[in-house]
file protein_14.cif (mmCIF, C-alpha atoms and all ligand atoms)
data_my_file
#
loop_
_atom_site.label_atom_id
_atom_site.label_comp_id
_atom_site.auth_asym_id
_atom_site.auth_seq_id
_atom_site.Cartn_x
_atom_site.Cartn_y
_atom_site.Cartn_z
CA MET A 1 -45.72 -14.70 3.49
CA GLU A 2 -44.09 -12.67 6.22
CA GLU A 3 -42.32 -9.54 5.02
CA ARG A 4 -38.53 -9.81 5.06
CA TYR A 5 -35.62 -7.94 3.55
CA ALA A 6 -32.56 -9.74 2.22
CA PHE A 7 -29.04 -8.39 1.77
CA LEU A 8 -25.64 -9.69 0.82
CA ALA A 9 -23.31 -8.54 3.58
CA GLU A 10 -19.56 -8.65 4.05
CA TRP A 11 -17.71 -8.88 7.33
CA TYR A 12 -13.96 -8.59 7.70
CA ASP A 13 -12.86 -11.33 10.06
CA PRO A 14 -9.74 -9.95 11.75
CA SER A 15 -8.54 -13.26 13.23
CA ALA A 16 -8.71 -15.11 9.91
CA THR A 17 -7.85 -11.87 7.98
CA LEU A 18 -10.44 -12.57 5.33
CA LEU A 19 -13.74 -11.23 4.13
CA ARG A 20 -16.70 -13.41 4.97
CA ARG A 21 -19.99 -13.18 3.12
CA TYR A 22 -23.39 -13.62 4.64
CA GLN A 23 -26.96 -13.43 3.57
CA LEU A 24 -28.59 -11.09 6.09
CA LEU A 25 -32.34 -11.33 6.58
CA TYR A 26 -34.32 -8.71 8.48
CA TYR A 27 -37.96 -9.18 9.49
CA PRO A 28 -39.46 -5.72 10.14
CA LYS A 29 -42.58 -7.04 11.87
CA ASP A 30 -40.78 -8.25 14.98
CA GLY A 31 -37.29 -6.77 14.46
CA THR A 32 -35.55 -10.14 14.15
CA VAL A 33 -32.46 -10.99 12.10
CA GLU A 34 -31.09 -14.16 10.63
CA MET A 35 -27.75 -14.83 8.91
CA PHE A 36 -26.49 -17.49 6.53
CA ASP A 37 -22.88 -18.18 5.75
CA VAL A 38 -22.82 -18.01 1.94
CA LYS A 39 -19.65 -20.04 1.35
CA ASN A 40 -20.36 -22.84 3.77
CA GLN A 41 -24.07 -22.88 3.05
CA ARG A 42 -25.16 -23.01 6.63
CA ILE A 43 -27.00 -21.03 9.25
CA PHE A 44 -24.68 -18.60 10.99
CA LEU A 45 -27.20 -16.86 13.23
CA ARG A 46 -30.57 -18.34 14.03
CA ARG A 47 -33.49 -15.95 13.76
CA THR A 48 -33.12 -13.70 16.82
CA LYS A 49 -34.50 -10.42 18.07
CA TYR A 50 -31.95 -7.64 17.68
CA ASP A 51 -32.79 -4.05 18.60
CA GLY A 52 -29.71 -2.45 17.08
CA LEU A 53 -30.88 -2.77 13.47
CA HIS A 54 -33.16 -0.16 11.92
CA GLN A 55 -34.86 -0.20 8.56
CA GLU A 56 -33.65 3.37 7.92
CA ASN A 57 -30.06 2.11 7.87
CA LEU A 58 -30.70 -0.75 5.46
CA PHE A 59 -29.41 0.29 2.06
CA ILE A 60 -26.52 -0.58 -0.24
CA GLY A 61 -23.28 0.99 0.93
CA SER A 62 -24.45 1.19 4.53
CA ARG A 63 -22.54 -0.27 7.46
CA VAL A 64 -24.62 -1.86 10.18
CA SER A 65 -23.63 -3.70 13.28
CA VAL A 66 -25.20 -7.02 14.29
CA PHE A 67 -24.10 -8.44 17.63
CA SER A 68 -20.80 -6.53 17.51
CA ARG A 69 -20.04 -7.51 13.91
CA GLN A 70 -19.73 -4.56 11.54
CA LEU A 71 -21.37 -5.64 8.27
CA ASN A 72 -21.07 -3.85 4.93
CA LEU A 73 -24.27 -4.18 2.91
CA ILE A 74 -23.00 -4.74 -0.62
CA ALA A 75 -26.07 -5.89 -2.58
CA TYR A 76 -29.76 -6.61 -2.27
CA GLY A 77 -30.39 -10.28 -1.65
CA ASP A 78 -33.55 -10.59 -3.71
CA GLN A 79 -35.77 -8.75 -6.15
CA TYR A 80 -38.41 -7.98 -3.53
CA THR A 81 -35.91 -6.10 -1.33
CA ALA A 82 -34.42 -4.29 -4.34
CA ASN A 83 -37.88 -3.12 -5.46
CA LYS A 84 -39.19 -2.28 -2.02
CA LEU A 85 -36.14 -0.51 -0.60
CA GLY A 86 -34.07 0.31 -3.70
CA SER A 87 -36.60 2.62 -5.35
CA LYS A 88 -36.55 4.90 -2.32
CA LYS A 89 -32.80 5.37 -2.44
CA GLU A 90 -32.00 8.19 -4.82
CA ARG A 91 -28.98 10.20 -3.65
CA THR A 92 -28.13 13.84 -4.12
CA LEU A 93 -25.53 16.36 -3.04
CA ALA A 94 -26.78 19.12 -0.79
CA MET A 95 -24.29 21.86 -0.15
CA ILE A 96 -24.98 24.51 2.47
CA LYS A 97 -23.18 27.62 1.26
CA PRO A 98 -21.18 29.90 3.61
CA ASP A 99 -24.10 32.32 4.16
CA ALA A 100 -26.34 29.61 5.63
CA VAL A 101 -23.99 27.38 7.63
CA THR A 102 -25.24 28.87 10.91
CA LYS A 103 -28.79 27.91 9.81
CA LEU A 104 -27.88 24.25 9.39
CA GLY A 105 -30.18 23.19 12.26
CA ASP A 106 -33.26 24.71 10.59
CA ILE A 107 -32.28 23.25 7.23
CA LEU A 108 -31.85 19.76 8.73
CA GLN A 109 -35.33 20.02 10.19
CA ALA A 110 -36.75 20.79 6.74
CA ILE A 111 -34.79 17.85 5.30
CA HIS A 112 -36.18 15.53 7.97
CA ALA A 113 -39.74 16.79 7.47
CA ALA A 114 -39.39 16.02 3.75
CA ASN A 115 -38.54 12.38 4.55
CA LEU A 116 -34.96 12.60 3.34
CA ILE A 117 -32.14 11.19 5.42
CA VAL A 118 -28.59 12.47 5.73
CA THR A 119 -26.18 9.64 4.92
CA LYS A 120 -22.95 11.67 4.79
CA ALA A 121 -21.99 15.09 6.08
CA LYS A 122 -18.82 17.11 6.35
CA MET A 123 -18.00 20.72 7.11
CA THR A 124 -15.19 21.84 4.84
CA ARG A 125 -13.84 24.86 3.01
CA LEU A 126 -13.00 25.18 -0.69
CA THR A 127 -10.12 27.16 -2.15
CA GLU A 128 -10.99 29.36 -5.14
CA ASN A 129 -9.51 26.74 -7.47
CA GLN A 130 -11.60 23.99 -5.92
CA ALA A 131 -14.76 26.09 -6.13
CA ALA A 132 -14.01 26.86 -9.81
CA ASP A 133 -13.55 23.15 -10.40
CA PHE A 134 -16.82 22.28 -8.70
CA TYR A 135 -18.74 24.88 -10.75
CA VAL A 136 -16.86 24.25 -14.01
CA GLU A 137 -20.13 24.07 -16.01
CA HIS A 138 -20.66 27.78 -15.28
CA GLN A 139 -17.16 29.00 -16.18
CA SER A 140 -18.31 31.09 -19.15
CA LYS A 141 -21.15 32.79 -17.23
CA PRO A 142 -20.85 36.46 -16.23
CA PHE A 143 -21.46 35.63 -12.54
CA PHE A 144 -18.74 32.92 -12.42
CA SER A 145 -16.05 34.84 -10.52
CA ASN A 146 -18.57 36.18 -7.97
CA LEU A 147 -19.87 32.68 -7.45
CA VAL A 148 -16.40 31.18 -6.99
CA GLN A 149 -15.41 33.92 -4.58
CA PHE A 150 -18.58 33.54 -2.51
CA VAL A 151 -18.49 29.75 -2.26
CA SER A 152 -14.84 29.80 -1.16
CA SER A 153 -15.36 32.66 1.33
CA GLY A 154 -16.05 30.50 4.41
CA HIS A 155 -17.03 27.12 5.79
CA LEU A 156 -19.65 25.11 3.98
CA VAL A 157 -21.38 21.84 4.77
CA ALA A 158 -21.61 19.10 2.14
CA MET A 159 -24.17 16.36 2.66
CA GLU A 160 -25.36 13.29 0.86
CA LEU A 161 -29.15 13.11 1.11
CA MET A 162 -31.02 9.93 0.36
CA GLY A 163 -34.67 9.15 -0.23
CA ASP A 164 -37.44 8.75 -2.74
CA GLU A 165 -36.87 11.45 -5.43
CA ALA A 166 -34.15 13.06 -3.31
CA ILE A 167 -32.83 15.18 -6.21
CA SER A 168 -36.07 16.98 -7.02
CA ILE A 169 -37.28 17.17 -3.42
CA TRP A 170 -34.10 18.87 -2.24
CA ARG A 171 -34.25 21.35 -5.14
CA ARG A 172 -37.86 22.09 -4.25
CA LEU A 173 -36.86 22.68 -0.61
CA LEU A 174 -34.15 25.08 -1.84
CA GLY A 175 -36.56 27.07 -4.00
CA PRO A 176 -35.79 29.30 -7.02
CA THR A 177 -32.11 30.10 -7.69
CA ASP A 178 -32.50 33.82 -7.06
CA SER A 179 -33.31 34.40 -3.37
CA THR A 180 -35.42 37.48 -4.13
CA VAL A 181 -37.55 35.44 -6.52
CA ALA A 182 -37.75 32.72 -3.85
CA GLN A 183 -38.99 35.32 -1.35
CA ARG A 184 -41.81 36.20 -3.75
CA GLU A 185 -42.69 32.74 -5.03
CA ALA A 186 -41.70 30.21 -2.35
CA GLN A 187 -41.66 31.95 1.01
CA HIS A 188 -40.94 28.84 3.06
CA SER A 189 -38.03 27.68 0.92
CA VAL A 190 -34.45 27.60 2.19
CA ARG A 191 -33.35 30.31 -0.23
CA ALA A 192 -36.27 32.59 0.64
CA GLN A 193 -35.50 32.31 4.36
CA PHE A 194 -31.72 32.28 4.39
CA GLY A 195 -30.51 33.64 1.03
CA THR A 196 -29.88 37.25 0.07
CA ASP A 197 -29.69 37.59 -3.72
CA GLY A 198 -28.79 35.77 -6.95
CA VAL A 199 -25.33 34.65 -5.86
CA LYS A 200 -25.74 34.40 -2.08
CA ASN A 201 -28.53 31.86 -2.09
CA ALA A 202 -27.87 29.57 0.90
CA GLY A 203 -27.54 26.23 -0.83
CA HIS A 204 -26.80 24.02 -3.78
CA GLY A 205 -28.56 20.90 -5.03
CA SER A 206 -27.58 18.54 -7.85
CA ASP A 207 -29.90 18.89 -10.83
CA SER A 208 -29.71 15.35 -12.29
CA VAL A 209 -28.63 11.81 -11.48
CA ALA A 210 -25.39 12.34 -13.42
CA ALA A 211 -24.63 15.62 -11.65
CA ALA A 212 -25.36 14.03 -8.28
CA ALA A 213 -22.90 11.23 -9.02
CA ARG A 214 -20.16 13.67 -10.02
CA GLU A 215 -20.78 16.10 -7.16
CA LEU A 216 -21.00 13.39 -4.50
CA GLU A 217 -17.73 11.96 -5.76
CA TYR A 218 -16.22 15.46 -5.50
CA PHE A 219 -17.02 15.84 -1.79
CA PHE A 220 -17.10 12.18 -0.74
CA PRO A 221 -14.59 10.37 -2.99
CA SER A 222 -14.85 6.59 -3.14
CA THR A 223 -11.07 6.20 -2.96
CA THR A 224 -9.78 6.96 0.53
CA GLY A 225 -7.30 9.72 1.17
CA HIS A 226 -8.62 12.03 -1.57
CA GLY A 227 -11.20 13.93 0.46
CA LEU A 228 -11.30 17.61 1.32
CA SER A 229 -10.00 18.62 4.76
CA ASN A 230 -12.30 19.13 7.68
CA THR A 231 -12.35 22.47 9.53
CA ALA A 232 -11.27 21.44 13.05
CA LYS A 233 -9.24 24.14 14.82
CA TYR A 234 -7.99 22.14 17.83
CA THR A 235 -7.93 25.18 20.12
CA ASP A 236 -10.27 26.08 23.00
CA CYS A 237 -12.55 23.28 21.95
CA THR A 238 -14.52 20.31 23.13
CA CYS A 239 -16.13 17.31 21.49
CA CYS A 240 -19.83 16.60 21.10
CA ILE A 241 -21.33 13.57 19.39
CA VAL A 242 -24.95 13.40 18.37
CA LYS A 243 -25.67 9.73 19.06
CA PRO A 244 -27.14 7.35 16.47
CA HIS A 245 -30.54 7.05 18.20
CA ALA A 246 -30.98 10.85 18.16
CA ILE A 247 -30.11 10.99 14.45
CA LEU A 248 -32.60 8.21 13.72
CA GLU A 249 -35.29 10.07 15.68
CA GLY A 250 -34.72 13.16 13.52
CA LEU A 251 -33.44 15.30 16.40
CA THR A 252 -30.19 16.48 14.79
CA GLY A 253 -31.55 19.82 13.54
CA LYS A 254 -33.10 20.69 16.90
CA ILE A 255 -29.94 19.74 18.78
CA LEU A 256 -27.73 21.87 16.50
CA ASN A 257 -30.14 24.79 16.92
CA SER A 258 -30.03 24.46 20.70
CA ILE A 259 -26.22 24.39 20.67
CA SER A 260 -26.02 27.57 18.57
CA ALA A 261 -28.73 29.32 20.56
CA ALA A 262 -26.68 28.72 23.72
CA GLY A 263 -23.81 30.67 22.17
CA PHE A 264 -21.48 27.82 21.20
CA GLU A 265 -19.82 27.71 17.80
CA ILE A 266 -19.78 24.51 15.75
CA SER A 267 -16.33 24.77 14.19
CA ALA A 268 -16.17 21.29 12.65
CA LEU A 269 -18.78 18.70 11.82
CA GLN A 270 -18.66 15.27 10.23
CA MET A 271 -20.76 12.13 10.11
CA PHE A 272 -19.08 8.84 10.99
CA THR A 273 -20.12 5.22 11.29
CA LEU A 274 -17.97 3.70 14.00
CA ASP A 275 -17.08 0.05 14.24
CA GLN A 276 -16.89 -1.85 17.52
CA THR A 277 -13.12 -1.35 17.87
CA ASN A 278 -13.29 2.43 17.40
CA ALA A 279 -16.22 2.81 19.77
CA GLU A 280 -14.43 0.76 22.46
CA GLU A 281 -11.28 2.80 21.97
CA PHE A 282 -13.13 6.12 22.14
CA TYR A 283 -14.95 5.12 25.36
CA GLU A 284 -11.85 3.50 26.88
CA VAL A 285 -11.91 5.73 30.01
CA TYR A 286 -15.39 4.46 30.95
CA LYS A 287 -14.42 0.79 30.73
CA GLY A 288 -14.77 -0.91 34.11
CA VAL A 289 -15.89 2.41 35.60
CA VAL A 290 -19.40 2.82 34.22
CA THR A 291 -21.75 -0.18 34.20
CA GLU A 292 -23.35 1.02 30.96
CA TYR A 293 -20.03 0.79 29.08
CA PRO A 294 -20.97 -2.20 26.84
CA ASN A 295 -24.33 -0.64 25.99
CA MET A 296 -22.71 2.73 25.34
CA VAL A 297 -20.37 1.05 22.86
CA ALA A 298 -23.28 -0.78 21.20
CA GLU A 299 -25.28 2.47 20.90
CA LEU A 300 -22.36 4.40 19.41
CA CYS A 301 -21.89 1.88 16.61
CA SER A 302 -25.57 1.19 15.97
CA GLY A 303 -25.68 3.68 13.08
CA PRO A 304 -24.19 6.94 11.86
CA CYS A 305 -23.28 9.54 14.48
CA LEU A 306 -22.42 13.20 14.03
CA ALA A 307 -19.15 14.44 15.55
CA LEU A 308 -18.81 18.14 16.34
CA GLU A 309 -15.95 20.34 17.43
CA ILE A 310 -17.46 22.96 19.72
CA CYS A 311 -15.75 26.24 20.50
CA GLY A 312 -16.80 28.69 23.17
CA THR A 313 -15.68 30.30 26.38
CA ASN A 314 -14.54 27.92 29.09
CA THR A 315 -15.11 24.73 27.09
CA PRO A 316 -15.16 21.76 27.82
CA LYS A 317 -16.63 22.68 31.24
CA SER A 318 -19.29 25.12 30.06
CA PHE A 319 -20.45 22.80 27.28
CA ARG A 320 -20.64 19.87 29.62
CA GLY A 321 -22.90 21.90 31.90
CA PHE A 322 -25.07 22.71 28.92
CA CYS A 323 -25.41 19.00 28.02
CA GLY A 324 -26.50 18.19 31.59
CA PRO A 325 -26.20 15.13 33.81
CA ASN A 326 -25.60 11.78 32.08
CA ASP A 327 -28.97 10.43 33.09
CA PRO A 328 -31.79 12.30 31.32
CA GLY A 329 -34.16 11.40 34.19
CA THR A 330 -31.92 13.21 36.65
CA ALA A 331 -31.35 15.99 34.14
CA ARG A 332 -35.08 16.64 33.81
CA HIS A 333 -35.28 17.11 37.58
CA VAL A 334 -32.24 19.22 38.30
CA ARG A 335 -31.32 20.81 34.94
CA PRO A 336 -34.50 20.80 32.83
CA THR A 337 -33.13 23.10 30.10
CA THR A 338 -30.10 20.96 29.23
CA LEU A 339 -29.71 18.97 26.00
CA ARG A 340 -30.03 15.61 27.73
CA ALA A 341 -33.11 16.67 29.70
CA ILE A 342 -34.85 17.72 26.49
CA TYR A 343 -33.68 15.12 23.97
CA GLY A 344 -32.43 12.11 26.02
CA LYS A 345 -34.28 8.91 26.89
CA ASP A 346 -32.01 7.03 29.29
CA LYS A 347 -28.36 6.81 30.34
CA VAL A 348 -27.32 5.11 27.10
CA GLN A 349 -29.63 6.90 24.69
CA ASN A 350 -28.98 10.31 26.21
CA ALA A 351 -28.88 12.18 22.87
CA VAL A 352 -25.29 13.40 23.01
CA HIS A 353 -21.87 12.49 24.22
CA CYS A 354 -19.77 15.37 25.47
CA THR A 355 -16.23 15.47 26.79
CA ASP A 356 -16.18 14.84 30.54
CA LEU A 357 -12.69 15.80 31.65
CA PRO A 358 -11.39 19.23 30.64
CA GLU A 359 -8.04 17.77 29.56
CA ASP A 360 -9.76 15.34 27.17
CA GLY A 361 -11.51 17.94 24.99
CA LEU A 362 -8.71 18.22 22.49
CA LEU A 363 -7.97 14.47 22.53
CA GLU A 364 -11.56 13.55 21.71
CA VAL A 365 -11.75 16.12 18.92
CA GLN A 366 -8.49 14.72 17.54
CA TYR A 367 -9.81 11.17 17.73
CA PHE A 368 -12.57 11.99 15.24
CA PHE A 369 -11.08 14.73 13.09
CA LYS A 370 -7.45 13.55 12.92
CA ILE A 371 -7.56 9.79 13.39
CA LEU A 372 -10.91 8.66 11.98
CA ASP A 373 -10.98 11.29 9.20
CA GLY A 374 -7.71 9.94 7.85
P1 LIG B 401 -28.85 26.36 -9.09
O1 LIG B 401 -27.90 26.55 -7.95
O2 LIG B 401 -30.26 26.72 -8.70
O3 LIG B 401 -28.75 25.04 -9.76
P2 LIG B 401 -27.39 27.44 -11.36
O4 LIG B 401 -26.82 26.08 -11.56
O5 LIG B 401 -28.02 28.08 -12.57
O6 LIG B 401 -28.48 27.48 -10.19
O7 LIG B 401 -26.26 28.42 -10.84
C1 LIG B 401 -25.31 28.02 -9.88
C2 LIG B 401 -25.14 29.13 -8.86
O8 LIG B 401 -24.62 30.29 -9.48
C3 LIG B 401 -26.45 29.60 -8.20
O9 LIG B 401 -26.85 28.79 -7.12
C4 LIG B 401 -26.09 31.00 -7.78
O10 LIG B 401 -25.32 30.98 -6.57
C5 LIG B 401 -25.21 31.48 -8.91
N1 LIG B 401 -26.01 32.16 -9.98
C6 LIG B 401 -26.81 31.59 -10.89
N2 LIG B 401 -27.37 32.50 -11.71
C7 LIG B 401 -26.92 33.69 -11.31
C8 LIG B 401 -27.12 35.04 -11.75
N3 LIG B 401 -27.90 35.34 -12.78
N4 LIG B 401 -26.46 36.02 -11.09
C9 LIG B 401 -25.66 35.75 -10.06
N5 LIG B 401 -25.43 34.51 -9.60
C10 LIG B 401 -26.04 33.48 -10.20
MG MG B 402 -27.13 24.16 -10.83
#

call {"tool": "encode", "arguments": {"input": "protein_14.cif", "output": "structure tokens"}}
result
Amino acid sequence: MEERYAFLAEWYDPSATLLRRYQLLYYPKDGTVEMFDVKNQRIFLRRTKYDGLHQENLFIGSRVSVFSRQLNLIAYGDQYTANKLGSKKERTLAMIKPDAVTKLGDILQAIHAANLIVTKAKMTRLTENQAADFYVEHQSKPFFSNLVQFVSSGHLVAMELMGDEAISIWRRLLGPTDSTVAQREAQHSVRAQFGTDGVKNAGHGSDSVAAAARELEYFFPSTTGHGLSNTAKYTDCTCCIVKPHAILEGLTGKILNSISAAGFEISALQMFTLDQTNAEEFYEVYKGVVTEYPNMVAELCSGPCLALEICGTNTPKSFRGFCGPNDPGTARHVRPTTLRAIYGKDKVQNAVHCTDLPEDGLLEVQYFFKILDG
């Protein structure tokens, strides 16, 4: 029988103001999808080719878009799908501590090479009380106050990583707790490369399924409105979005490294999955102006994207120059060292969005970090 994955999916129908349920079928061999209306027991979408769906984004809790409908995948549709895809979906909390935030690009490359995917990410900062709360299991240890002080000393990046054995793989990537031991025993580990000593050791990883559940809930609470604040500054800044196709291709780490190497500071960072309405709203100024507008919207909501607030001298203009012309083909001719020349494929999948008009830099940053991160 032909391989196919089945999911139970929910779609909020705004005109009827109700939740509709579908069985979503995905056939990996030819990239086709098929949908059944569960309540009315009939075919909703005949088996059709649809390029916007990727196996990497098919897991419980994910939001995917199928022909402009934003679907929430709420359960596996059959035992085969649960066994085949579910076993590979362990989740863990990875926290990049303040001493290694500028090394995030390198760390993301290691995560990608280890076959883990980033499903959530947010740059934030903890107060001393919050750090003490997070590390409550260590409160009687002699190093507790040093630890709390260090972890609350600057920005950190919290991420949810997902994959087969994510918990143990991420801890192996981190290496031994003490960075000096890591330098002796695991030279390529994150702590060996980016840590300094026993306290300043670059990163944190959950050590069990129960700890992962608690720690993920701490940084990414399931009830809205309880999350930690992002770190956006809203001054002398511009907006950059790593597009879904680039994330899927595993280019995020390289792109962040290029941005830092060019002297720009990433002052806020967060992963979002946009729905059709948000993507249309964000790209409003291109509507009727750029022929690619509908495809740009489709690309932006085809999977998770990574929004960045970029600070540097003369942004947005200088950063826009660094991203290069919209069309990567043109960019490779006239500006071969720009982000789009190196990482882009075509005008729609051109790796990054960056603010075009100088006066829009702040507005675009606010759209993500004030409006969407509500
Ligand atoms: P891990 O982070 O590897 O799970 P622990 O849970 O034992 O390690 O400790 C939490 C954090 O406390 C460590 O990552 C490190 O920052 C700090 N820490 C642990 N042990 C010591 C120590 N002996 N001296 C100083 N700091 C320590
Ligand atoms: Mg620990």

call {"tool": "residues_around", "arguments": {"input": "protein_14.cif", "residues": "A:Ala331", "least_positions_apart": "4", "cutoff": "12 Å", "atoms": "only C-alpha atoms", "output": "ChimeraX atom specification"}}
result
/A:321-327,335-347,350

call {"tool": "residues_near_ligand", "arguments": {"input": "protein_14.cif", "ligand": "ligand LIG 401 (chain B)", "cutoff": "6 Å", "atoms": "all atoms listed in the file", "output": "list in words"}}
result
Phe143, Leu147, Thr177, Gly198, Val199, Lys200, Asn201 and His204 of chain A

call {"tool": "atom_distance", "arguments": {"input": "protein_14.cif", "atom1": "atom CA of A:Arg47", "atom2": "atom CA of A:Glu3"}}
result
14.0 Å

call {"tool": "residues_near_ligand", "arguments": {"input": "protein_14.cif", "ligand": "ligand MG 402 (chain B)", "cutoff": "10 Å", "atoms": "all atoms listed in the file", "output": "ChimeraX atom specification"}}
result
/A:135,137-138,171,177,204-208,211

call {"tool": "write_last_selection", "arguments": {"input": "protein_14.cif", "atoms": "C-alpha atoms", "output": "tab-separated table (two decimals), keeping the file's coordinate frame"}}
result
chain	number	residue	atom	x	y	z
A	135	TYR	CA	-18.74	24.88	-10.75
A	137	GLU	CA	-20.13	24.07	-16.01
A	138	HIS	CA	-20.66	27.78	-15.28
A	171	ARG	CA	-34.25	21.35	-5.14
A	177	THR	CA	-32.11	30.10	-7.69
A	204	HIS	CA	-26.80	24.02	-3.78
A	205	GLY	CA	-28.56	20.90	-5.03
A	206	SER	CA	-27.58	18.54	-7.85
A	207	ASP	CA	-29.90	18.89	-10.83
A	208	SER	CA	-29.71	15.35	-12.29
A	211	ALA	CA	-24.63	15.62	-11.65

call {"tool": "atom_distance", "arguments": {"input": "protein_14.cif", "atom1": "atom CA of A:Glu215", "atom2": "atom CA of A:Leu93"}}
result
6.3 Å

call {"tool": "residues_near_point", "arguments": {"input": "protein_14.cif", "point": "(-21.3, -13.1, 0.7)", "cutoff": "8 Å", "atoms": "all atoms listed in the file", "output": "PyMOL selection string"}}
result
chain A and resi 8-10+20-23+37-39

call {"tool": "residues_around", "arguments": {"input": "protein_14.cif", "residues": "A:Arg69", "least_positions_apart": "5", "cutoff": "12 Å", "atoms": "only C-alpha atoms", "output": "list of chain:residue names"}}
result
A:Ala9, A:Glu10, A:Trp11, A:Tyr12, A:Asp13, A:Pro14, A:Arg20, A:Tyr22, A:Met35, A:Leu45, A:Gly52, A:Leu53, A:Arg63, A:Val64, A:Leu274, A:Asp275, A:Gln276, A:Thr277, A:Ala298, A:Cys301, A:Ser302

call {"tool": "write_last_selection", "arguments": {"input": "protein_14.cif", "atoms": "C-alpha atoms", "output": "JSON list (two decimals), in the frame of the given file"}}
result
[["chain", "number", "residue", "atom", "x", "y", "z"],
["A", 9, "ALA", "CA", -23.31, -8.54, 3.58],
["A", 10, "GLU", "CA", -19.56, -8.65, 4.05],
["A", 11, "TRP", "CA", -17.71, -8.88, 7.33],
["A", 12, "TYR", "CA", -13.96, -8.59, 7.70],
["A", 13, "ASP", "CA", -12.86, -11.33, 10.06],
["A", 14, "PRO", "CA", -9.74, -9.95, 11.75],
["A", 20, "ARG", "CA", -16.70, -13.41, 4.97],
["A", 22, "TYR", "CA", -23.39, -13.62, 4.64],
["A", 35, "MET", "CA", -27.75, -14.83, 8.91],
["A", 45, "LEU", "CA", -27.20, -16.86, 13.23],
["A", 52, "GLY", "CA", -29.71, -2.45, 17.08],
["A", 53, "LEU", "CA", -30.88, -2.77, 13.47],
["A", 63, "ARG", "CA", -22.54, -0.27, 7.46],
["A", 64, "VAL", "CA", -24.62, -1.86, 10.18],
["A", 274, "LEU", "CA", -17.97, 3.70, 14.00],
["A", 275, "ASP", "CA", -17.08, 0.05, 14.24],
["A", 276, "GLN", "CA", -16.89, -1.85, 17.52],
["A", 277, "THR", "CA", -13.12, -1.35, 17.87],
["A", 298, "ALA", "CA", -23.28, -0.78, 21.20],
["A", 301, "CYS", "CA", -21.89, 1.88, 16.61],
["A", 302, "SER", "CA", -25.57, 1.19, 15.97]]

call {"tool": "atom_distance", "arguments": {"input": "protein_14.cif", "atom1": "atom CA of A:Met123", "atom2": "atom CA of A:Pro328"}}
result
29.1 Å

call {"tool": "closest_residue", "arguments": {"input": "protein_14.cif", "among": "A:Leu248, A:Phe282, A:Cys305, A:Gly175", "to": "A:Ile371", "atoms": "all atoms listed in the file"}}
result
A:Phe282

call {"tool": "closest_residue", "arguments": {"input": "protein_14.cif", "among": "A:Phe219, A:Tyr50, A:Phe194, A:Tyr80", "to": "A:Arg125", "atoms": "all atoms listed in the file"}}
result
A:Phe219

call {"tool": "residues_around", "arguments": {"input": "protein_14.cif", "residues": "stretch 357-366 of chain A", "least_positions_apart": "6", "cutoff": "9 Å", "atoms": "all atoms listed in the file", "output": "list in words"}}
result
Ala232, Tyr234, Thr235, Asp236, Cys237, Thr238, Cys239, Cys240, Phe282, Ala307, Leu308, Glu309, Ile310, Thr315, Pro316, Lys317 and Leu372 of chain A

call {"tool": "closest_residue", "arguments": {"input": "protein_14.cif", "among": "A:Met159, A:Val148, A:Val297, A:Leu25", "to": "A:Phe44", "atoms": "all atoms listed in the file"}}
result
A:Leu25

call {"tool": "residues_near_point", "arguments": {"input": "protein_14.cif", "point": "(-37.7, 12.2, 8.4)", "cutoff": "10 Å", "atoms": "only C-alpha atoms", "output": "VMD selection string"}}
result
chain A and resid 56 108 to 118 163 247 to 251

call {"tool": "residues_around", "arguments": {"input": "protein_14.cif", "residues": "A:Pro176", "least_positions_apart": "5", "cutoff": "10 Å", "atoms": "all atoms listed in the file", "output": "ChimeraX atom specification"}}
result
/A:171,181-186,189-192,198,201

call {"tool": "axis_aligned_box", "arguments": {"input": "protein_14.cif", "around": "stretch 90-95 of chain A", "padding_each_side": "8 Å", "output": "lines of an AutoDock Vina configuration file"}}
result
center_x = -28.1
center_y = 15.0
center_z = -2.5
size_x = 23.7
size_y = 29.7
size_z = 20.7

call {"tool": "closest_residue", "arguments": {"input": "protein_14.cif", "among": "A:Ala202, A:Ala351, A:Cys311, A:Leu18", "to": "A:Met296", "atoms": "only C-alpha atoms"}}
result
A:Ala351

call {"tool": "closest_residue", "arguments": {"input": "protein_14.cif", "among": "A:Lys103, A:Lys141, A:Arg214, A:Arg4", "to": "A:Ser260", "atoms": "all atoms listed in the file"}}
result
A:Lys103

call {"tool": "closest_residue", "arguments": {"input": "protein_14.cif", "among": "A:Arg91, A:Lys287, A:Lys84, A:His54", "to": "A:Trp170", "atoms": "only C-alpha atoms"}}
result
A:Arg91
